[in-house]
Amino acid sequence: MAGSESSHDVVINVGSVVSSLDVELKNDRLSMAPSYCIFETPNILFRHKENSFRPNRFSIGPMHHGTRKLVPTEKIKVKYLKDLVSRELASRPGLETMSEEEKEIKQQLILTEFVDAVKSVEKEASAYYAGHNFAAKLGDEFVKLLVLDGCFVIELFRKRAQEVTPEHDDPIFSMSCMLQFLHHDLILLENQIPWLVLEILFEKTKHPSQTKSLIELTLLFFSTMFTSHQPDPIKTDIFGGKTINHILDLLRLSMVLPWKEVKMNPGSGWQPIPSITRLKEAGLKFVKVAPESILDIKFRDGCLEIPSLLIQETTETILRNLIAYEQCLPHCRPIFTCYAKLLDNLIDTTNDMEILCKKEIFDNWLSPEDATQFFNKLYNDTYVKKFYYSKLCDDLNKYCKRWVPKWRAYYVQNYFTKPWAVAAQIYAVIMFLLTLWQTYIKKG
């Protein structure tokens, strides 16, 4: 039948669409709040090494709170809070004459002080977490976990610094694995609590005999993060006037602020540079230095000066989380991302790693293969708009293009890479010297 193919008109309610879009436009959370500084790790980075972004045993803050495998250690946090409150109670006058009921009332008053102090910054603390409103979502539970986790971290740092003596049966200091877990869990981007919460609880619980600042205690706890040697005295004056967001941010600032090169204008791009092996063939020397920051890599007078670096289980964790933090935080200079990119260029094979280890520049606690592999994949899927080592890379490339280093590299690569080639060169030199000697004898 003619015209049997019927068309179906789609009726669009324009008014409904406009209303829906209007509601979306009135959403006050369209732009990223400037307070955001604790983020969920972007999947594009998370997929490369999931274990580097997930806590092993301790949840800190709300993002991993309640995760099944992390629940057992909540008892340790409660124990630490109890120790702290008991010490606070013991410092109050007239404790000896108090009845048990009066002590219980005093203990509740101390806890009330802690809760009220954190409650006063509840909304501000909640605003640190990107994409979440934990104050609204969790209510009083959010304040509770901030108090519990904050007091736990402060008590942990004080015990580690011997400002408070750990009990003989303290599970963290009597089990060797626990501190290793904490050195991993406390540096994760998703496992942070606001620094302002830590500061408030720290000041509430500080006694006159405890002279170290919260910054000192934190850096002391992580003093072996990048080195196996005795750390230098902590200089807290570099943090003057600086806003600290959380523990991971403090660790980043402790490396970035002492680095003088960061004040120079970074280059807009970067060029690949030769590996350690190729630089050595070109006649470059490698020197271990001990500056205030692992970032302070310099090239001068034919020497590449590299700060010593401890490569252990947590090295990849801290670097990956610092990179993720730089990639997520608005207007954050990608300094550790540039550092990872530079090391990836320098360390191409296990031979590069072994050269640096022999020079005692790297203190490698992993296998050469594992250490090399993690450097080669460290900055994958990251973006760097400004490269903070562009001048260093330019200087290295210029040096390698000079006539003598270029000739030396060619000669070493072609004539000294195999045993038979080395033997041939030695034989040629000996024959040359013998010929000269015979010529001299004949003339004599």
# chains A, B, ... in the order shown; residues from 1 in each chain; ligands from 1
$ select_by_dssp --residues "segment 14-167 of chain A" --states "alpha helix (DSSP H)" --output "ChimeraX atom specification"
/A:14-25,43-46,74-91,100-119,122-126,134-138,140-160
$ residues_around --residues "Gln107 of chain A" --least-positions-apart "2" --cutoff "10 Å" --atoms "only C-alpha atoms" --output "PyMOL selection string"
chain A and resi 82+85-86+88-89+101-105+109-113
$ residues_around --residues "segment 230-235 of chain A" --least-positions-apart "5" --cutoff "8 Å" --atoms "only C-alpha atoms" --output "ChimeraX atom specification"
/A:216,219-220,223-224
$ residues_around --residues "Thr236 of chain A" --least-positions-apart "5" --cutoff "12 Å" --atoms "only C-alpha atoms" --output "PyMOL selection string"
chain A and resi 212-220+241-242+250+253-254+257-258
$ write_last_selection --atoms "N, CA and C atoms" --output "PDB file, in the first residue's frame"
ATOM      1  N   LYS A 212      59.424  19.741  70.697  1.00  0.00           N
ATOM      2  CA  LYS A 212      59.416  19.654  69.223  1.00  0.00           C
ATOM      3  C   LYS A 212      58.071  20.092  68.650  1.00  0.00           C
ATOM      4  N   SER A 213      58.141  20.776  67.519  1.00  0.00           N
ATOM      5  CA  SER A 213      56.920  21.198  66.830  1.00  0.00           C
ATOM      6  C   SER A 213      56.329  20.024  66.071  1.00  0.00           C
ATOM      7  N   LEU A 214      55.108  20.203  65.589  1.00  0.00           N
ATOM      8  CA  LEU A 214      54.454  19.145  64.813  1.00  0.00           C
ATOM      9  C   LEU A 214      55.210  18.889  63.511  1.00  0.00           C
ATOM     10  N   ILE A 215      55.746  19.936  62.902  1.00  0.00           N
ATOM     11  CA  ILE A 215      56.533  19.770  61.676  1.00  0.00           C
ATOM     12  C   ILE A 215      57.771  18.928  61.958  1.00  0.00           C
ATOM     13  N   GLU A 216      58.465  19.227  63.058  1.00  0.00           N
ATOM     14  CA  GLU A 216      59.664  18.468  63.422  1.00  0.00           C
ATOM     15  C   GLU A 216      59.330  16.994  63.664  1.00  0.00           C
ATOM     16  N   LEU A 217      58.270  16.739  64.403  1.00  0.00           N
ATOM     17  CA  LEU A 217      57.888  15.358  64.713  1.00  0.00           C
ATOM     18  C   LEU A 217      57.555  14.583  63.443  1.00  0.00           C
ATOM     19  N   THR A 218      56.862  15.240  62.524  1.00  0.00           N
ATOM     20  CA  THR A 218      56.464  14.578  61.282  1.00  0.00           C
ATOM     21  C   THR A 218      57.682  14.245  60.429  1.00  0.00           C
ATOM     22  N   LEU A 219      58.556  15.230  60.236  1.00  0.00           N
ATOM     23  CA  LEU A 219      59.747  15.009  59.403  1.00  0.00           C
ATOM     24  C   LEU A 219      60.710  14.019  60.060  1.00  0.00           C
ATOM     25  N   LEU A 220      60.725  13.990  61.383  1.00  0.00           N
ATOM     26  CA  LEU A 220      61.563  13.017  62.092  1.00  0.00           C
ATOM     27  C   LEU A 220      61.056  11.598  61.852  1.00  0.00           C
ATOM     28  N   GLY A 241      55.437  31.015  56.932  1.00  0.00           N
ATOM     29  CA  GLY A 241      54.484  31.643  56.035  1.00  0.00           C
ATOM     30  C   GLY A 241      53.892  30.725  54.992  1.00  0.00           C
ATOM     31  N   LYS A 242      54.277  29.462  54.993  1.00  0.00           N
ATOM     32  CA  LYS A 242      53.761  28.509  54.008  1.00  0.00           C
ATOM     33  C   LYS A 242      52.530  27.786  54.559  1.00  0.00           C
ATOM     34  N   LEU A 250      53.426  18.323  53.255  1.00  0.00           N
ATOM     35  CA  LEU A 250      54.602  18.714  54.048  1.00  0.00           C
ATOM     36  C   LEU A 250      55.865  18.025  53.526  1.00  0.00           C
ATOM     37  N   LEU A 253      56.914  19.754  50.349  1.00  0.00           N
ATOM     38  CA  LEU A 253      57.507  21.064  50.635  1.00  0.00           C
ATOM     39  C   LEU A 253      58.901  20.937  51.228  1.00  0.00           C
ATOM     40  N   SER A 254      59.128  19.899  52.035  1.00  0.00           N
ATOM     41  CA  SER A 254      60.452  19.717  52.665  1.00  0.00           C
ATOM     42  C   SER A 254      61.540  19.460  51.637  1.00  0.00           C
ATOM     43  N   LEU A 257      61.173  23.313  48.911  1.00  0.00           N
ATOM     44  CA  LEU A 257      61.580  24.625  49.433  1.00  0.00           C
ATOM     45  C   LEU A 257      63.095  24.822  49.512  1.00  0.00           C
ATOM     46  N   PRO A 258      63.899  23.805  49.905  1.00  0.00           N
ATOM     47  CA  PRO A 258      65.356  24.027  49.962  1.00  0.00           C
ATOM     48  C   PRO A 258      66.021  24.062  48.583  1.00  0.00           C
TER      49      PRO A 258
END
$ select_by_dssp --residues "segment 75-299 of chain A" --states "strand (DSSP E)" --output "PyMOL selection string"
chain A and resi 285-289+298-299
$ atom_distance --atom1 "atom CA of Ala340 of chain A" --atom2 "atom CA of Leu248 of chain A"
17.0 Å
$ closest_residue --among "A:Ser390, A:Ser308, A:Ser228, A:Asn133" --to "Trp365 of chain A" --atoms "only C-alpha atoms"
A:Ser228
$ residues_around --residues "Val143 of chain A" --least-positions-apart "6" --cutoff "8 Å" --atoms "only C-alpha atoms" --output "list of chain:residue names"
A:Val115, A:Val118, A:Lys119, A:Glu122, A:Ala135
$ write_last_selection --atoms "C-alpha atoms" --output "compact mmCIF listing (two decimals), in the first residue's frame"
# COMPACT_ATOMS: atom_id res chain seq x y z
CA VAL A 115 35.63 17.03 69.86
CA VAL A 118 37.63 19.64 65.72
CA LYS A 119 33.91 20.47 65.44
CA GLU A 122 34.48 20.54 60.64
CA ALA A 135 30.61 16.66 56.98
